[in-house]
file model-v4.pdb (PDB, C-alpha atoms)
MODEL        1
ATOM      1  CA  VAL Y  13     155.619 145.629 128.968
ATOM      2  CA  LEU Y  14     153.806 145.086 125.708
ATOM      3  CA  SER Y  15     155.221 148.347 124.340
ATOM      4  CA  PHE Y  16     158.653 146.713 124.097
ATOM      5  CA  ILE Y  17     157.402 144.402 121.345
ATOM      6  CA  TYR Y  18     157.452 147.464 119.079
ATOM      7  CA  VAL Y  19     161.210 147.676 119.570
ATOM      8  CA  CYS Y  20     161.498 144.073 118.417
ATOM      9  CA  SER Y  21     159.280 144.715 115.422
ATOM     10  CA  CYS Y  22     161.837 147.166 114.021
ATOM     11  CA  TYR Y  23     164.504 144.444 113.675
ATOM     12  CA  PRO Y  24     163.756 143.698 110.007
ATOM     13  CA  ILE Y  25     164.314 147.360 109.215
ATOM     14  CA  LEU Y  26     167.584 147.395 111.135
ATOM     15  CA  PHE Y  27     168.863 144.162 109.662
ATOM     16  CA  LEU Y  28     167.863 144.569 106.065
ATOM     17  CA  GLY Y  29     166.420 148.013 105.606
ATOM     18  CA  ALA Y  30     163.098 146.242 105.202
ATOM     19  CA  ASN Y  31     162.832 144.941 101.637
ATOM     20  CA  LYS Y  32     165.453 147.340 100.270
ATOM     21  CA  GLY Y  33     168.272 145.482 102.039
ATOM     22  CA  GLN Y  34     167.261 142.189 100.467
ATOM     23  CA  GLN Y  35     167.142 143.710  97.011
ATOM     24  CA  SER Y  36     170.569 145.304  97.385
ATOM     25  CA  ASN Y  37     172.085 142.160  98.993
ATOM     26  CA  ASP Y  38     173.213 143.977 102.121
ATOM     27  CA  ILE Y  39     174.404 140.829 103.897
ATOM     28  CA  TYR Y  40     176.332 139.671 100.840
ATOM     29  CA  PHE Y  41     177.954 143.093 100.505
ATOM     30  CA  SER Y  42     178.875 143.062 104.200
ATOM     31  CA  CYS Y  43     180.561 139.691 103.708
ATOM     32  CA  LEU Y  44     182.626 141.097 100.832
ATOM     33  CA  LEU Y  45     184.072 143.815 103.060
ATOM     34  CA  PRO Y  46     187.467 143.175 104.667
ATOM     35  CA  VAL Y  47     185.943 142.260 108.050
ATOM     36  CA  ARG Y  48     185.345 138.931 109.686
ATOM     37  CA  ARG Y  49     181.823 137.558 109.691
ATOM     38  CA  LYS Y  50     181.982 137.378 113.468
ATOM     39  CA  ASP Y  51     182.455 141.138 113.522
ATOM     40  CA  ILE Y  52     179.351 141.637 111.379
ATOM     41  CA  VAL Y  53     177.310 139.650 113.900
ATOM     42  CA  LYS Y  54     178.925 141.475 116.819
ATOM     43  CA  VAL Y  55     178.129 144.927 115.434
ATOM     44  CA  ARG Y  56     174.499 144.061 114.663
ATOM     45  CA  LEU Y  57     174.025 142.548 118.116
ATOM     46  CA  PHE Y  58     175.641 145.608 119.694
ATOM     47  CA  LEU Y  59     173.275 147.872 117.742
ATOM     48  CA  LEU Y  60     170.279 145.870 118.967
ATOM     49  CA  SER Y  61     171.503 146.148 122.550
ATOM     50  CA  ILE Y  62     171.879 149.921 122.296
ATOM     51  CA  ILE Y  63     168.359 150.307 120.895
ATOM     52  CA  GLN Y  64     166.905 148.047 123.584
ATOM     53  CA  LEU Y  65     168.643 149.873 126.403
ATOM     54  CA  ILE Y  66     167.570 153.259 125.005
ATOM     55  CA  SER Y  67     163.960 152.030 124.929
ATOM     56  CA  ILE Y  68     164.238 150.903 128.562
ATOM     57  CA  VAL Y  69     165.638 154.297 129.588
ATOM     58  CA  LEU Y  70     162.860 156.130 127.717
ATOM     59  CA  VAL Y  71     160.141 153.989 129.297
ATOM     60  CA  THR Y  72     161.674 154.617 132.721
ATOM     61  CA  ILE Y  73     161.696 158.378 132.115
ATOM     62  CA  TYR Y  74     158.098 158.327 130.868
ATOM     63  CA  GLY Y  75     157.139 156.162 133.836
ATOM     64  CA  ALA Y  76     158.630 158.716 136.210
ATOM     65  CA  ILE Y  77     156.743 161.514 134.471
ATOM     66  CA  GLY Y  78     153.565 159.423 134.542
ATOM     67  CA  SER Y  79     153.930 158.801 138.265
ATOM     68  CA  LEU Y  80     153.779 162.567 138.813
ATOM     69  CA  TYR Y  81     150.248 162.460 137.395
ATOM     70  CA  LYS Y  82     149.239 159.312 139.241
ATOM     71  CA  GLU Y  83     146.031 160.838 140.539
ATOM     72  CA  ASP Y  84     144.745 161.034 136.965
ATOM     73  CA  ILE Y  85     145.543 157.359 136.363
ATOM     74  CA  LEU Y  86     143.881 156.008 139.486
ATOM     75  CA  ILE Y  87     140.399 154.586 139.350
ATOM     76  CA  GLU Y  88     138.029 155.079 142.229
ATOM     77  CA  ALA Y  89     136.172 151.943 143.172
ATOM     78  CA  GLY Y  90     133.729 152.765 145.945
ATOM     79  CA  ASP Y  91     135.756 153.841 148.950
ATOM     80  CA  LYS Y  92     138.954 152.227 147.696
ATOM     81  CA  ILE Y  93     141.406 153.627 145.207
ATOM     82  CA  SER Y  94     143.339 150.993 143.277
ATOM     83  CA  ASP Y  95     146.235 151.180 140.864
ATOM     84  CA  VAL Y  96     145.793 150.197 137.253
ATOM     85  CA  GLY Y  97     148.400 147.567 136.342
ATOM     86  CA  PHE Y  98     152.049 147.987 137.202
ATOM     87  CA  GLY Y  99     152.834 151.457 138.442
ATOM     88  CA  PHE Y 100     156.164 153.218 138.661
ATOM     89  CA  GLY Y 101     156.758 151.494 142.004
ATOM     90  CA  GLN Y 102     157.389 148.238 140.144
ATOM     91  CA  ILE Y 103     159.605 149.627 137.365
ATOM     92  CA  GLY Y 104     162.664 147.664 138.510
ATOM     93  CA  SER Y 105     160.789 144.374 138.254
ATOM     94  CA  VAL Y 106     159.417 145.346 134.848
ATOM     95  CA  ILE Y 107     162.923 146.206 133.593
ATOM     96  CA  GLY Y 108     164.242 142.847 134.807
ATOM     97  CA  PHE Y 109     161.421 141.037 133.032
ATOM     98  CA  VAL Y 110     161.912 143.043 129.828
ATOM     99  CA  LEU Y 111     165.638 142.246 129.831
ATOM    100  CA  LEU Y 112     164.702 138.557 130.019
ATOM    101  CA  CYS Y 113     162.249 138.953 127.121
ATOM    102  CA  PHE Y 114     164.808 140.814 125.000
ATOM    103  CA  SER Y 115     167.377 138.106 125.720
ATOM    104  CA  ILE Y 116     165.125 135.304 124.542
ATOM    105  CA  TYR Y 117     163.919 137.299 121.531
ATOM    106  CA  ASP Y 118     167.465 138.118 120.432
ATOM    107  CA  LEU Y 119     168.622 134.536 120.900
ATOM    108  CA  ILE Y 120     165.859 133.273 118.630
ATOM    109  CA  PHE Y 121     165.886 136.111 116.094
ATOM    110  CA  VAL Y 122     169.634 136.525 115.586
ATOM    111  CA  THR Y 123     170.451 132.814 115.449
ATOM    112  CA  CYS Y 124     167.578 132.094 113.047
ATOM    113  CA  PHE Y 125     168.543 135.021 110.839
ATOM    114  CA  TYR Y 126     172.253 134.223 110.628
ATOM    115  CA  LYS Y 127     171.570 130.548 109.995
ATOM    116  CA  SER Y 128     170.865 131.437 106.370
ATOM    117  CA  GLY Y 129     171.377 135.195 106.187
ATOM    118  CA  ARG Y 130     168.046 135.565 104.423
ATOM    119  CA  ALA Y 131     165.242 134.361 106.723
ATOM    120  CA  ILE Y 132     164.135 137.730 108.060
ATOM    121  CA  VAL Y 133     160.382 137.050 108.150
ATOM    122  CA  SER Y 134     160.531 133.651 109.829
ATOM    123  CA  SER Y 135     163.108 134.789 112.387
ATOM    124  CA  THR Y 136     161.014 137.866 113.225
ATOM    125  CA  LEU Y 137     157.829 135.829 113.618
ATOM    126  CA  LEU Y 138     159.535 133.168 115.757
ATOM    127  CA  GLY Y 139     161.081 135.799 117.998
ATOM    128  CA  MET Y 140     157.791 137.659 118.429
ATOM    129  CA  LEU Y 141     155.974 134.410 119.114
ATOM    130  CA  ALA Y 142     158.454 133.562 121.885
ATOM    131  CA  PHE Y 143     158.163 137.087 123.321
ATOM    132  CA  MET Y 144     154.369 136.889 123.358
ATOM    133  CA  ILE Y 145     154.326 133.372 124.849
ATOM    134  CA  LEU Y 146     156.644 134.499 127.642
ATOM    135  CA  LEU Y 147     154.451 137.532 128.235
ATOM    136  CA  CYS Y 148     151.277 135.388 128.314
ATOM    137  CA  ILE Y 149     152.800 132.807 130.658
ATOM    138  CA  THR Y 150     153.928 135.498 133.047
ATOM    139  CA  THR Y 151     150.539 137.197 132.965
ATOM    140  CA  LEU Y 152     148.663 133.940 133.535
ATOM    141  CA  LEU Y 153     150.904 132.954 136.428
ATOM    142  CA  LEU Y 154     150.030 136.047 138.438
ATOM    143  CA  PRO Y 155     148.847 134.996 141.881
ATOM    144  CA  ILE Y 156     145.226 135.377 142.866
ATOM    145  CA  SER Y 157     146.099 138.032 145.427
ATOM    146  CA  ILE Y 158     147.112 140.806 143.030
ATOM    147  CA  THR Y 159     147.663 143.422 145.725
ATOM    148  CA  SER Y 160     150.167 141.288 147.642
ATOM    149  CA  TYR Y 161     151.843 140.470 144.320
ATOM    150  CA  PHE Y 162     152.273 144.169 143.505
ATOM    151  CA  ASN Y 163     153.395 144.974 147.055
ATOM    152  CA  PHE Y 164     156.048 142.254 146.803
ATOM    153  CA  PHE Y 165     157.454 143.757 143.605
ATOM    154  CA  SER Y 166     157.311 147.258 145.094
ATOM    155  CA  ASN Y 167     160.024 146.282 147.573
ATOM    156  CA  LEU Y 168     163.251 148.110 146.655
ATOM    157  CA  TYR Y 169     165.437 145.049 147.235
ATOM    158  CA  VAL Y 170     163.261 142.910 144.995
ATOM    159  CA  GLN Y 171     163.444 145.554 142.267
ATOM    160  CA  ILE Y 172     167.244 145.808 142.483
ATOM    161  CA  ALA Y 173     167.531 142.021 142.461
ATOM    162  CA  SER Y 174     165.184 141.852 139.440
ATOM    163  CA  ILE Y 175     167.308 144.325 137.506
ATOM    164  CA  LEU Y 176     170.565 142.563 138.407
ATOM    165  CA  ILE Y 177     169.213 139.102 137.556
ATOM    166  CA  GLY Y 178     167.712 140.419 134.311
ATOM    167  CA  LEU Y 179     171.006 142.125 133.417
ATOM    168  CA  ALA Y 180     173.013 138.965 134.172
ATOM    169  CA  ILE Y 181     170.674 136.884 131.987
ATOM    170  CA  TYR Y 182     170.813 139.565 129.279
ATOM    171  CA  ILE Y 183     174.624 139.560 129.180
ATOM    172  CA  LEU Y 184     174.854 135.753 129.275
ATOM    173  CA  PHE Y 185     172.233 135.247 126.563
ATOM    174  CA  HIS Y 186     173.783 137.873 124.314
ATOM    175  CA  TYR Y 187     177.171 136.236 124.650
ATOM    176  CA  LEU Y 188     175.628 132.855 123.781
ATOM    177  CA  THR Y 189     173.714 134.486 120.921
ATOM    178  CA  TYR Y 190     176.925 135.990 119.564
ATOM    179  CA  ILE Y 191     178.786 132.665 119.731
ATOM    180  CA  ARG Y 192     175.960 130.659 118.168
ATOM    181  CA  ALA Y 193     175.067 133.183 115.452
ATOM    182  CA  SER Y 194     178.675 133.827 114.438
ATOM    183  CA  ASN Y 195     179.332 130.086 114.157
ATOM    184  CA  LEU Y 196     176.225 129.664 112.009
ATOM    185  CA  PHE Y 197     177.068 132.698 109.855
ATOM    186  CA  GLU Y 198     180.569 131.353 109.155
ATOM    187  CA  LYS Y 199     178.968 128.382 107.395
ATOM    188  CA  VAL Y 200     176.629 130.450 105.199
ATOM    189  CA  ASP Y 201     177.598 130.428 101.540
ATOM    190  CA  PHE Y 202     176.265 133.174  99.289
TER     191      PHE Y 202
ENDMDL
END
call {"tool": "encode", "arguments": {"input": "model-v4.pdb", "output": "structure tokens"}}
result
Amino acid sequence: VLSFIYVCSCYPILFLGANKGQQSNDIYFSCLLPVRRKDIVKVRLFLLSIIQLISIVLVTIYGAIGSLYKEDILIEAGDKISDVGFGFGQIGSVIGFVLLCFSIYDLIFVTCFYKSGRAIVSSTLLGMLAFMILLCITTLLLPISITSYFNFFSNLYVQIASILIGLAIYILFHYLTYIRASNLFEKVDF
């Protein structure tokens, strides 16, 4: 799950071309084009969604490939063989959780950024902080009985429900993010 934070860390490059976009006033230039400011927000949010969904697909593919070599990943502990962390059997639950994390990160990052059109560093740090806090809370709230916890999330119905709930939250949060960020960006004066 932690690997998805790298996707979020590329947002400053996508939004401003790192420092080059700030120097060339990319946001100001975009506002001078004959498009509505709401459309600028919509396109950037759509681009983020595509990148996030591509990263989820790639992790799923690599997880499937990794599950083929599961014997190499397993650790022998005496007579028992135990899995290390979440395996491919829990990928649906992981995807649902990652969709929730992306939703919260995008809500914080995009609204903070379009509040002024310039606050790329603070919006990135606030978004990453929220992502990491959510990750830490979830990790700390794992039940004592880890094996029953993993067996619960290995259930196919639980995985499908996790993906559907995560997708519903993702769509709802991105709609709210679009509304809030476009309203804030309309008020920005360059």
call {"tool": "atom_distance", "arguments": {"input": "model-v4.pdb", "atom1": "atom CA of Ser128 of chain Y", "atom2": "atom CA of Lys199 of chain Y"}}
result
8.7 Å
call {"tool": "residues_around", "arguments": {"input": "model-v4.pdb", "residues": "Phe197 of chain Y", "least_positions_apart": "5", "cutoff": "8 Å", "atoms": "all atoms listed in the file", "output": "ChimeraX atom specification"}}
result
/Y:49-50,126-129
call {"tool": "resolve_selection", "arguments": {"input": "model-v4.pdb", "expression": "the PyMOL selection byres ((chain Y and resi 193) around 8)", "output": "count of residues only"}}
result
14
call {"tool": "resolve_selection", "arguments": {"input": "model-v4.pdb", "expression": "the PyMOL selection byres ((chain Y and resi 105) around 8)", "output": "JSON list (two decimals) with C-alpha atoms, keeping the file's coordinate frame"}}
result
[["chain", "number", "residue", "atom", "x", "y", "z"],
["Y", 102, "GLN", "CA", 157.39, 148.24, 140.14],
["Y", 103, "ILE", "CA", 159.60, 149.63, 137.36],
["Y", 104, "GLY", "CA", 162.66, 147.66, 138.51],
["Y", 106, "VAL", "CA", 159.42, 145.35, 134.85],
["Y", 107, "ILE", "CA", 162.92, 146.21, 133.59],
["Y", 108, "GLY", "CA", 164.24, 142.85, 134.81],
["Y", 109, "PHE", "CA", 161.42, 141.04, 133.03],
["Y", 165, "PHE", "CA", 157.45, 143.76, 143.60],
["Y", 170, "VAL", "CA", 163.26, 142.91, 145.00],
["Y", 171, "GLN", "CA", 163.44, 145.55, 142.27],
["Y", 172, "ILE", "CA", 167.24, 145.81, 142.48],
["Y", 174, "SER", "CA", 165.18, 141.85, 139.44],
["Y", 175, "ILE", "CA", 167.31, 144.32, 137.51]]
call {"tool": "atom_distance", "arguments": {"input": "model-v4.pdb", "atom1": "atom CA of Leu60 of chain Y", "atom2": "atom CA of Leu119 of chain Y"}}
result
11.6 Å
call {"tool": "residues_near_point", "arguments": {"input": "model-v4.pdb", "point": "(157.7, 135.9, 115.4)", "cutoff": "10 Å", "atoms": "all atoms listed in the file", "output": "VMD selection string"}}
result
chain Y and resid 20 to 21 117 120 to 121 132 to 144
call {"tool": "closest_residue", "arguments": {"input": "model-v4.pdb", "among": "Y:Tyr23, Y:Leu45, Y:Leu112, Y:Leu57", "to": "Leu176 of chain Y", "atoms": "only C-alpha atoms"}}
result
Y:Leu112
call {"tool": "closest_residue", "arguments": {"input": "model-v4.pdb", "among": "Y:Leu59, Y:Leu44, Y:Ile39, Y:Leu65", "to": "Phe16 of chain Y", "atoms": "only C-alpha atoms"}}
result
Y:Leu65
call {"tool": "atom_distance", "arguments": {"input": "model-v4.pdb", "atom1": "atom CA of Asp38 of chain Y", "atom2": "atom CA of Ile17 of chain Y"}}
result
24.9 Å
